[in-house]
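Novice: Structure file protein_26.tsv (TSV, C-alpha atoms) is given on the next line.
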```
chain	number	residue	atom	x	y	z
U	837	MET	CA	7.89	4.01	1.84
U	838	SER	CA	11.19	3.79	0.01
U	839	THR	CA	13.47	6.81	0.24
U	840	PRO	CA	14.54	8.44	-3.04
U	841	SER	CA	18.23	8.98	-3.53
U	842	LYS	CA	19.65	12.50	-3.74
U	843	GLU	CA	20.35	11.87	-7.41
U	844	MET	CA	16.72	10.87	-8.01
U	845	ILE	CA	15.47	13.95	-6.12
U	846	SER	CA	17.72	16.20	-8.19
U	847	TRP	CA	16.60	14.63	-11.47
U	848	LEU	CA	12.90	14.81	-10.58
U	849	LEU	CA	13.13	18.44	-9.51
U	850	GLN	CA	14.98	19.40	-12.68
U	851	LYS	CA	12.37	17.58	-14.73
U	852	LYS	CA	9.49	19.16	-12.86
U	853	PHE	CA	10.81	22.71	-13.10
U	854	SER	CA	12.64	22.66	-16.42
U	855	ASP	CA	11.90	25.46	-18.86
U	856	ASN	CA	8.45	25.12	-20.37
U	857	LYS	CA	8.81	23.87	-23.93
U	858	GLY	CA	5.21	24.43	-24.88
U	859	GLY	CA	5.64	28.05	-25.85
U	860	SER	CA	4.46	29.66	-22.61
U	861	LYS	CA	4.44	33.43	-22.62
U	862	MET	CA	6.64	34.84	-19.89
U	863	ILE	CA	7.65	38.31	-18.84
U	864	ALA	CA	10.81	39.26	-16.98
U	865	TYR	CA	9.25	39.64	-13.53
U	866	HIS	CA	5.82	38.05	-13.25
U	867	THR	CA	2.86	36.97	-15.37
U	868	PRO	CA	-0.38	38.39	-13.91
U	869	VAL	CA	-3.09	35.84	-13.16
U	870	LEU	CA	-6.79	36.27	-14.01
U	871	LEU	CA	-5.91	39.69	-15.40
U	872	GLU	CA	-8.94	40.45	-17.54
U	873	GLU	CA	-11.43	38.92	-15.13
U	874	SER	CA	-10.17	40.76	-12.05
U	875	VAL	CA	-9.81	44.21	-13.62
U	876	SER	CA	-13.09	44.04	-15.52
U	877	LEU	CA	-14.94	43.17	-12.30
U	878	LEU	CA	-13.51	46.27	-10.61
U	879	ARG	CA	-15.60	48.32	-13.09
U	880	ILE	CA	-12.96	51.00	-13.46
U	881	ASN	CA	-14.17	54.60	-13.25
U	882	PRO	CA	-11.73	56.63	-15.41
U	883	GLU	CA	-11.65	59.37	-12.77
U	884	GLY	CA	-11.55	57.01	-9.79
U	885	VAL	CA	-8.90	56.08	-7.23
U	886	TYR	CA	-7.66	52.48	-7.09
U	887	VAL	CA	-5.17	50.42	-5.09
U	888	ASP	CA	-3.02	47.54	-6.28
U	889	ALA	CA	-2.15	46.20	-2.83
U	890	THR	CA	0.35	43.61	-4.11
U	891	PHE	CA	2.07	45.40	-7.00
U	892	GLY	CA	4.75	42.81	-7.85
U	893	GLY	CA	5.46	42.94	-11.58
U	894	GLY	CA	2.73	45.50	-12.13
U	895	GLY	CA	0.61	43.55	-14.60
U	896	HIS	CA	-2.69	44.30	-12.90
U	897	SER	CA	-1.63	47.91	-12.30
U	898	ARG	CA	-0.85	48.51	-15.95
U	899	GLU	CA	-4.23	47.11	-16.95
U	900	ILE	CA	-5.96	49.40	-14.45
U	901	LEU	CA	-3.97	52.39	-15.74
U	902	SER	CA	-5.10	51.63	-19.28
U	903	HIS	CA	-8.68	52.29	-18.13
U	904	LEU	CA	-7.95	55.41	-16.06
U	905	GLY	CA	-8.23	58.94	-17.39
U	906	LYS	CA	-5.81	61.76	-16.67
U	907	ASP	CA	-7.50	62.54	-13.33
U	908	GLY	CA	-7.59	58.93	-12.14
U	909	ARG	CA	-5.13	57.75	-9.50
U	910	LEU	CA	-3.54	54.41	-8.65
U	911	ILE	CA	-1.82	53.61	-5.36
U	912	VAL	CA	0.58	50.68	-5.69
U	913	MET	CA	1.84	48.82	-2.62
U	914	ASP	CA	4.48	46.16	-2.12
U	915	ARG	CA	6.78	45.24	0.75
U	916	ASP	CA	9.36	43.76	-1.64
U	917	ARG	CA	11.93	46.38	-2.57
U	918	ASP	CA	12.59	44.64	-5.91
U	919	ALA	CA	9.03	45.38	-7.02
U	920	LEU	CA	9.62	49.12	-6.81
U	921	GLY	CA	11.77	48.87	-9.92
U	922	ASN	CA	8.68	47.93	-11.94
U	923	ILE	CA	6.67	51.06	-11.13
U	924	PRO	CA	5.70	52.84	-14.35
U	925	ASP	CA	6.75	56.43	-14.94
U	926	ASP	CA	3.25	57.81	-14.68
U	927	ASP	CA	2.04	60.87	-12.74
U	928	ARG	CA	-1.14	59.02	-11.84
U	929	VAL	CA	0.78	56.42	-9.80
U	930	ILE	CA	1.54	56.75	-6.08
U	931	ALA	CA	4.09	54.18	-4.84
U	932	VAL	CA	4.08	52.80	-1.30
U	933	HIS	CA	6.77	50.45	0.05
U	934	SER	CA	4.81	48.73	2.79
U	935	ASP	CA	2.86	45.68	3.89
U	936	TYR	CA	-0.70	45.88	2.56
U	937	ARG	CA	-2.13	45.53	6.05
U	938	PHE	CA	-1.49	49.30	6.36
U	939	ILE	CA	-3.61	50.18	3.32
U	940	HIS	CA	-6.05	52.39	5.23
U	941	ASN	CA	-3.25	54.50	6.72
U	942	PHE	CA	-1.68	55.17	3.35
U	943	VAL	CA	-4.96	55.93	1.57
U	944	HIS	CA	-5.55	58.71	4.09
U	945	TYR	CA	-1.91	59.79	4.19
U	946	HIS	CA	-2.07	60.52	0.48
U	947	GLY	CA	-5.18	62.62	0.85
U	948	PHE	CA	-8.02	60.31	-0.14
U	949	ASP	CA	-11.17	59.81	1.92
U	950	GLY	CA	-11.71	56.47	0.18
U	951	VAL	CA	-10.94	54.50	-2.97
U	952	ASP	CA	-13.08	53.02	-5.71
U	953	GLY	CA	-11.42	49.65	-6.02
U	954	ILE	CA	-8.74	47.43	-4.53
U	955	ILE	CA	-7.00	44.41	-6.01
U	956	ALA	CA	-4.72	41.98	-4.19
U	957	ASP	CA	-2.92	39.12	-5.95
U	958	LEU	CA	-1.64	37.06	-3.03
U	959	GLY	CA	1.30	34.71	-2.66
U	960	VAL	CA	4.75	34.82	-4.21
U	961	SER	CA	5.76	36.41	-7.50
U	962	SER	CA	7.54	34.47	-10.22
U	963	HIS	CA	10.49	36.81	-9.68
U	964	GLN	CA	10.76	35.82	-6.03
U	965	PHE	CA	10.63	32.13	-6.87
U	966	ASP	CA	13.11	32.47	-9.73
U	967	THR	CA	15.70	34.68	-8.01
U	968	GLU	CA	18.10	32.16	-6.51
U	969	GLU	CA	19.48	34.33	-3.72
U	970	ARG	CA	16.01	35.06	-2.33
U	971	GLY	CA	15.84	31.45	-1.08
U	972	PHE	CA	12.15	30.87	-1.87
U	973	SER	CA	12.67	27.78	-4.03
U	974	PHE	CA	14.20	24.36	-3.50
U	975	ARG	CA	15.19	24.36	-7.18
U	976	PHE	CA	18.35	26.19	-6.11
U	977	ASP	CA	20.90	25.66	-3.38
U	978	ALA	CA	20.72	29.12	-1.82
U	979	ARG	CA	20.73	30.65	1.64
U	980	LEU	CA	17.51	30.04	3.56
U	981	ASP	CA	15.97	33.51	3.35
U	982	MET	CA	12.36	33.73	2.03
U	983	ARG	CA	11.81	37.31	3.23
U	984	MET	CA	9.50	39.37	1.04
U	985	ASN	CA	10.80	42.47	2.79
U	986	ASP	CA	14.59	42.20	2.84
U	987	SER	CA	14.79	44.57	5.82
U	988	ALA	CA	12.75	42.22	8.03
U	989	GLU	CA	14.69	40.70	10.92
U	990	MET	CA	13.49	37.10	10.74
U	991	ASP	CA	14.34	34.80	7.84
U	992	ALA	CA	13.84	31.10	7.11
U	993	GLU	CA	17.26	30.17	8.48
U	994	GLN	CA	16.26	31.52	11.89
U	995	VAL	CA	12.98	29.62	11.81
U	996	VAL	CA	14.58	26.33	10.80
U	997	ASN	CA	17.37	26.58	13.36
U	998	GLY	CA	15.61	28.42	16.16
U	999	TYR	CA	12.09	27.01	16.49
U	1000	ASP	CA	11.57	24.00	18.74
U	1001	LYS	CA	10.19	20.76	17.35
U	1002	GLU	CA	6.62	21.43	18.45
U	1003	ARG	CA	6.55	24.86	16.81
U	1004	LEU	CA	8.02	23.55	13.55
U	1005	GLU	CA	5.51	20.73	13.48
U	1006	GLU	CA	2.70	23.23	14.06
U	1007	ILE	CA	3.65	25.51	11.16
U	1008	PHE	CA	4.23	22.56	8.81
U	1009	ARG	CA	0.79	21.21	9.66
U	1010	ASN	CA	-1.10	24.50	9.74
U	1011	TYR	CA	0.59	26.41	6.92
U	1012	GLY	CA	1.69	23.58	4.63
U	1013	GLU	CA	-0.76	20.78	5.45
U	1014	VAL	CA	2.32	18.54	5.37
U	1015	ASP	CA	1.76	14.81	5.80
U	1016	GLY	CA	4.31	13.71	8.36
U	1017	ALA	CA	4.75	17.20	9.80
U	1018	GLY	CA	6.12	15.76	13.01
U	1019	LYS	CA	8.66	13.61	11.19
U	1020	ALA	CA	9.81	16.63	9.15
U	1021	ALA	CA	10.29	18.65	12.32
U	1022	ASP	CA	12.17	15.77	13.96
U	1023	LEU	CA	14.54	15.39	10.99
U	1024	ILE	CA	15.33	19.10	11.08
U	1025	CYS	CA	15.94	19.16	14.84
U	1026	ARG	CA	18.22	16.13	14.68
U	1027	ALA	CA	20.23	17.51	11.76
U	1028	ARG	CA	20.81	20.92	13.30
U	1029	GLU	CA	22.33	19.32	16.40
U	1030	THR	CA	25.37	18.57	14.23
U	1031	SER	CA	25.53	21.89	12.38
U	1032	PRO	CA	23.16	24.77	11.50
U	1033	ILE	CA	20.99	24.32	8.42
U	1034	LYS	CA	21.85	27.27	6.20
U	1035	THR	CA	20.73	26.49	2.64
U	1036	THR	CA	17.67	25.34	0.74
U	1037	GLY	CA	19.64	22.43	-0.66
U	1038	ALA	CA	20.70	21.26	2.78
U	1039	LEU	CA	17.11	21.41	3.98
U	1040	ALA	CA	15.86	19.39	1.00
U	1041	ASP	CA	18.54	16.74	1.65
U	1042	ILE	CA	17.61	16.52	5.34
U	1043	LEU	CA	13.96	15.94	4.43
U	1044	SER	CA	14.75	13.22	1.87
U	1045	PRO	CA	13.63	10.33	4.17
U	1046	ILE	CA	10.01	11.58	4.09
U	1047	LEU	CA	9.88	12.46	0.38
U	1048	PRO	CA	7.84	10.13	-1.83
U	1049	LYS	CA	9.87	8.39	-4.50
U	1050	PHE	CA	8.12	9.76	-7.58
U	1051	ALA	CA	6.97	13.21	-6.45
U	1052	PRO	CA	9.41	14.68	-3.92
U	1053	HIS	CA	8.59	18.20	-5.07
U	1054	LYS	CA	5.06	17.99	-3.68
U	1055	VAL	CA	6.19	17.53	-0.08
U	1056	LEU	CA	9.06	20.00	-0.42
U	1057	ALA	CA	6.67	22.60	-1.86
U	1058	LYS	CA	4.44	22.28	1.19
U	1059	VAL	CA	7.34	22.57	3.63
U	1060	PHE	CA	8.75	25.62	1.84
U	1061	GLN	CA	5.29	27.19	1.66
U	1062	ALA	CA	4.87	26.77	5.40
U	1063	LEU	CA	8.25	28.34	6.13
U	1064	ARG	CA	7.56	31.25	3.77
U	1065	ILE	CA	4.18	31.95	5.35
U	1066	GLU	CA	5.74	31.94	8.82
U	1067	VAL	CA	8.68	34.14	7.85
U	1068	ASN	CA	6.45	36.75	6.23
U	1069	ASN	CA	3.56	36.49	8.70
U	1070	GLU	CA	1.28	36.13	5.68
U	1071	MET	CA	-1.88	34.89	7.34
U	1072	ASP	CA	-1.83	37.64	9.97
U	1073	SER	CA	-1.21	40.28	7.31
U	1074	LEU	CA	-4.12	38.98	5.24
U	1075	GLU	CA	-6.47	38.90	8.22
U	1076	LYS	CA	-5.59	42.51	9.03
U	1077	PHE	CA	-5.64	43.65	5.40
U	1078	ILE	CA	-9.21	42.71	4.54
U	1079	PRO	CA	-11.03	44.84	7.17
U	1080	MET	CA	-8.71	47.79	6.48
U	1081	ALA	CA	-9.34	47.42	2.76
U	1082	VAL	CA	-13.09	47.30	3.25
U	1083	LYS	CA	-12.85	50.38	5.49
U	1084	SER	CA	-10.92	52.16	2.72
U	1085	LEU	CA	-13.55	51.54	0.03
U	1086	ASN	CA	-16.03	54.18	-1.07
U	1087	PRO	CA	-19.67	53.04	-1.29
U	1088	GLY	CA	-19.96	51.13	-4.56
U	1089	GLY	CA	-16.23	50.39	-4.54
U	1090	ARG	CA	-15.08	46.84	-5.13
U	1091	ILE	CA	-12.40	44.56	-3.71
U	1092	ALA	CA	-10.92	41.73	-5.81
U	1093	ILE	CA	-8.63	39.15	-4.19
U	1094	ILE	CA	-6.78	36.32	-5.93
U	1095	THR	CA	-5.67	33.41	-3.73
U	1096	TYR	CA	-3.46	30.39	-4.45
U	1097	HIS	CA	-3.98	27.91	-1.63
U	1098	SER	CA	-6.76	26.81	0.69
U	1099	LEU	CA	-5.43	28.58	3.78
U	1100	GLU	CA	-5.57	32.09	2.35
U	1101	ASP	CA	-8.73	31.38	0.32
U	1102	ARG	CA	-10.50	30.26	3.48
U	1103	ILE	CA	-9.63	33.55	5.18
U	1104	VAL	CA	-10.81	35.57	2.18
U	1105	LYS	CA	-14.01	33.58	1.75
U	1106	ASN	CA	-14.96	33.76	5.42
U	1107	SER	CA	-14.02	37.43	5.85
U	1108	LEU	CA	-15.99	38.57	2.80
U	1109	ARG	CA	-18.93	36.42	3.91
U	1110	ASP	CA	-18.90	38.02	7.36
U	1111	PHE	CA	-18.90	41.53	5.87
U	1112	CYS	CA	-21.79	40.50	3.61
U	1113	ASN	CA	-23.72	39.16	6.60
U	1114	GLU	CA	-23.15	42.49	8.33
U	1115	ARG	CA	-24.57	44.22	5.22
U	1116	ILE	CA	-21.33	46.07	4.62
U	1117	LEU	CA	-20.46	44.20	1.42
U	1118	THR	CA	-22.40	42.47	-1.31
U	1119	LYS	CA	-20.94	39.48	-3.15
U	1120	VAL	CA	-20.15	40.09	-6.80
U	1121	THR	CA	-18.89	36.53	-7.36
U	1122	ARG	CA	-21.12	33.88	-5.79
U	1123	LYS	CA	-18.44	31.29	-6.46
U	1124	PRO	CA	-14.75	31.95	-7.06
U	1125	ILE	CA	-13.69	32.61	-10.64
U	1126	LEU	CA	-11.09	30.11	-11.84
U	1127	PRO	CA	-8.54	30.45	-14.65
U	1128	THR	CA	-9.31	28.95	-18.03
U	1129	GLU	CA	-7.49	25.88	-19.31
U	1130	GLN	CA	-5.72	28.12	-21.80
U	1131	GLU	CA	-4.41	30.43	-19.08
U	1132	ILE	CA	-3.18	27.46	-17.05
U	1133	ALA	CA	-1.41	26.07	-20.11
U	1134	GLU	CA	0.31	29.43	-20.66
U	1135	ASN	CA	1.06	30.09	-16.98
U	1136	THR	CA	1.14	27.04	-14.69
U	1137	ARG	CA	1.19	29.28	-11.60
U	1138	ALA	CA	-2.46	30.09	-12.36
U	1139	ARG	CA	-3.61	26.50	-11.85
U	1140	SER	CA	-4.64	26.95	-8.20
U	1141	ALA	CA	-5.83	30.57	-8.45
U	1142	LYS	CA	-9.26	31.67	-7.20
U	1143	LEU	CA	-10.72	35.14	-7.63
U	1144	ARG	CA	-13.34	36.51	-5.24
U	1145	VAL	CA	-14.93	39.95	-5.63
U	1146	ALA	CA	-17.28	41.95	-3.40
U	1147	GLU	CA	-18.77	45.47	-3.48
U	1148	LYS	CA	-19.26	47.91	-0.62
U	1149	ARG	CA	-22.89	48.78	0.03
U	1150	SER	CA	-24.14	52.34	0.12
U	1151	GLY	CA	-25.49	52.01	3.65
U	1152	GLU	CA	-28.91	53.25	2.56
U	1153	ASP	CA	-30.59	49.87	2.16
```
Output the file's structure as structure tokens, nothing else.
Specialist:
Amino acid sequence: MSTPSKEMISWLLQKKFSDNKGGSKMIAYHTPVLLEESVSLLRINPEGVYVDATFGGGGHSREILSHLGKDGRLIVMDRDRDALGNIPDDDRVIAVHSDYRFIHNFVHYHGFDGVDGIIADLGVSSHQFDTEERGFSFRFDARLDMRMNDSAEMDAEQVVNGYDKERLEEIFRNYGEVDGAGKAADLICRARETSPIKTTGALADILSPILPKFAPHKVLAKVFQALRIEVNNEMDSLEKFIPMAVKSLNPGGRIAIITYHSLEDRIVKNSLRDFCNERILTKVTRKPILPTEQEIAENTRARSAKLRVAEKRSGED
């Protein structure tokens, strides 16, 4: 496999991530994915209580609010401090700055025995990807950060420079499904012997020997995904969130989860299936709902999205 030059990598990445010239609709923070499908399947009760467990830009929350009456309530959660600036000035909204794994605690803390619906749009927001100093994207040469919660102790720089080769290889393989995970880990360990790896640009350059000539972004995306998942403990949070969310639902309440890659979708699929087998939930979507071609054309982030929905049983059947 021939190694692409740094100039070729730079040109390909700029080409891949240049501004969309097809007239895509964008908002300042984040474009919500599968908006109509997810909210409509929650079957909003105007007087009900709902949770947006991954508030982000607030697109799903605003759609839920448009269906709520004056006595309805919406709890919005996000561990990213930046997202709090998007919270609408609405007396029906209760804001929580926290990881969604603690959903059950906060539902009870705010005085509710249960909620009528929960939505979670997983992954990274457009804002996080597009804010250079957050260090989520290899499009920029920024400090290796990748923390969703900026008060968290561990960041990507610590992972890249502190994990041993075996651990790096493991997260690249498990969280990024990176071909050549061992080689990527070896390149990183060799490079940091000379000096610490501090920026996204430096990391991309170090990995250049394993990047395919015509699509370097595909391998880099997998490596950066793996690091981000490790930094934010995403899989563990998701595994803890689902049972706490199900516990928080009232009978007849629904949970809607949007995933973006096979790792998190597998967890969601298997967890919901297990609750259905235990007769705690009933599937609403037999197969995941996918975005339309039109939505993908307008918002490329939607291309890998999958929506799964389930309803809590009454316990009487």
Novice: Could you tell me how far atom CA of Asn1010 of chain U sits from atom CA of Lys1049 of chain U, in Å to one decimal place?
Specialist: 24.1 Å
Novice: Please determine the residues with any atom at most 9 Å from (-16.5, 48.4, -3.2) (coordinates as given in the file, with only C-alpha atoms counting) and report them as number ranges by chain.
Specialist: U: 878, 951-954, 1082, 1084-1091, 1117-1118, 1145-1149
Novice: For Ala1057 of chain U, which residue among U:Phe972, U:Asp981, U:Gly1016, U:Ala1027 is the nearest when counting all atoms listed in the file?
Specialist: U:Phe972
Novice: Would you kindly return, as a PyMOL selection string, each protein, DNA or RNA residue with an atom no farther than 8 Å from any atom of segment 991-1001 of chain U, considering all atoms listed in the file and excluding same-chain residues fewer than 6 positions away?
Specialist: chain U and resi 979-983+1018+1021-1022+1024-1025+1028+1032-1035+1063-1064+1067
Novice: Using all atoms listed in the file, which residues sit within 8 Å of Leu1074 of chain U once same-chain residues fewer than 5 positions away are excluded, as a list in words?
Specialist: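 The residues satisfying every condition are Arg937, Glu1100 and Ile1103 of chain U.
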Novice: Excluding segment 920-926 of chain U and residues on its chain fewer than 4 positions from it, collect all residues at most 10 Å away from it, counting all atoms listed in the file, and give them as a ChimeraX atom specification.
Specialist: /U:865,891-895,897-898,901,909-910,912-916,930-933
Novice: Atom CA of Thr1128 of chain U and atom CA of Leu877 of chain U are how many Å apart?
Specialist: 16.3 Å
Novice: Could you please give me, as an mmCIF file with C-alpha atoms, keeping the file's coordinate frame, the residues of protein, DNA or RNA lying at most 12 Å from (-2.1, 37.3, -12.2) in the coordinate frame of the file, considering all atoms listed in the file?
Specialist:
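Generated file (part.cif):
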```cif
data_model
loop_
_atom_site.group_PDB
_atom_site.id
_atom_site.type_symbol
_atom_site.label_atom_id
_atom_site.label_comp_id
_atom_site.auth_asym_id
_atom_site.auth_seq_id
_atom_site.Cartn_x
_atom_site.Cartn_y
_atom_site.Cartn_z
ATOM 1 C CA MET U 862 6.640 34.840 -19.890
ATOM 2 C CA ILE U 863 7.650 38.310 -18.840
ATOM 3 C CA TYR U 865 9.250 39.640 -13.530
ATOM 4 C CA HIS U 866 5.820 38.050 -13.250
ATOM 5 C CA THR U 867 2.860 36.970 -15.370
ATOM 6 C CA PRO U 868 -0.380 38.390 -13.910
ATOM 7 C CA VAL U 869 -3.090 35.840 -13.160
ATOM 8 C CA LEU U 870 -6.790 36.270 -14.010
ATOM 9 C CA LEU U 871 -5.910 39.690 -15.400
ATOM 10 C CA GLU U 872 -8.940 40.450 -17.540
ATOM 11 C CA GLU U 873 -11.430 38.920 -15.130
ATOM 12 C CA SER U 874 -10.170 40.760 -12.050
ATOM 13 C CA VAL U 875 -9.810 44.210 -13.620
ATOM 14 C CA ASP U 888 -3.020 47.540 -6.280
ATOM 15 C CA THR U 890 0.350 43.610 -4.110
ATOM 16 C CA PHE U 891 2.070 45.400 -7.000
ATOM 17 C CA GLY U 892 4.750 42.810 -7.850
ATOM 18 C CA GLY U 893 5.460 42.940 -11.580
ATOM 19 C CA GLY U 894 2.730 45.500 -12.130
ATOM 20 C CA GLY U 895 0.610 43.550 -14.600
ATOM 21 C CA HIS U 896 -2.690 44.300 -12.900
ATOM 22 C CA SER U 897 -1.630 47.910 -12.300
ATOM 23 C CA ARG U 898 -0.850 48.510 -15.950
ATOM 24 C CA GLU U 899 -4.230 47.110 -16.950
ATOM 25 C CA ILE U 955 -7.000 44.410 -6.010
ATOM 26 C CA ALA U 956 -4.720 41.980 -4.190
ATOM 27 C CA ASP U 957 -2.920 39.120 -5.950
ATOM 28 C CA LEU U 958 -1.640 37.060 -3.030
ATOM 29 C CA GLY U 959 1.300 34.710 -2.660
ATOM 30 C CA VAL U 960 4.750 34.820 -4.210
ATOM 31 C CA SER U 961 5.760 36.410 -7.500
ATOM 32 C CA SER U 962 7.540 34.470 -10.220
ATOM 33 C CA ALA U 1092 -10.920 41.730 -5.810
ATOM 34 C CA ILE U 1093 -8.630 39.150 -4.190
ATOM 35 C CA ILE U 1094 -6.780 36.320 -5.930
ATOM 36 C CA THR U 1095 -5.670 33.410 -3.730
ATOM 37 C CA TYR U 1096 -3.460 30.390 -4.450
ATOM 38 C CA LEU U 1126 -11.090 30.110 -11.840
ATOM 39 C CA PRO U 1127 -8.540 30.450 -14.650
ATOM 40 C CA GLU U 1131 -4.410 30.430 -19.080
ATOM 41 C CA ILE U 1132 -3.180 27.460 -17.050
ATOM 42 C CA GLU U 1134 0.310 29.430 -20.660
ATOM 43 C CA ASN U 1135 1.060 30.090 -16.980
ATOM 44 C CA THR U 1136 1.140 27.040 -14.690
ATOM 45 C CA ARG U 1137 1.190 29.280 -11.600
ATOM 46 C CA ALA U 1138 -2.460 30.090 -12.360
ATOM 47 C CA ARG U 1139 -3.610 26.500 -11.850
ATOM 48 C CA SER U 1140 -4.640 26.950 -8.200
ATOM 49 C CA ALA U 1141 -5.830 30.570 -8.450
ATOM 50 C CA LYS U 1142 -9.260 31.670 -7.200
ATOM 51 C CA LEU U 1143 -10.720 35.140 -7.630
#
```
Novice: Can you tell me how far atom CA of Phe1077 of chain U sits from atom CA of Arg1102 of chain U, in Å to one decimal?
Specialist: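 Here the two named atoms are 14.4 Å from each other.
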Novice: List as a ChimeraX atom specification the protein and nucleic acid residues near Asn941 of chain U, meaning an atom at most 10 Å away when only C-alpha atoms are counted, but skip any in the same chain fewer than 5 places from it.
Specialist: /U:936,946,1080,1084
Novice: Please produce a file of the residues just selected, as a compact mmCIF listing (two decimals), keeping the file's coordinate frame, where the atoms kept are C-alpha atoms.
Specialist:
```
# COMPACT_ATOMS: atom_id res chain seq x y z
CA TYR U 936 -0.70 45.88 2.56
CA HIS U 946 -2.07 60.52 0.48
CA MET U 1080 -8.71 47.79 6.48
CA SER U 1084 -10.92 52.16 2.72
```
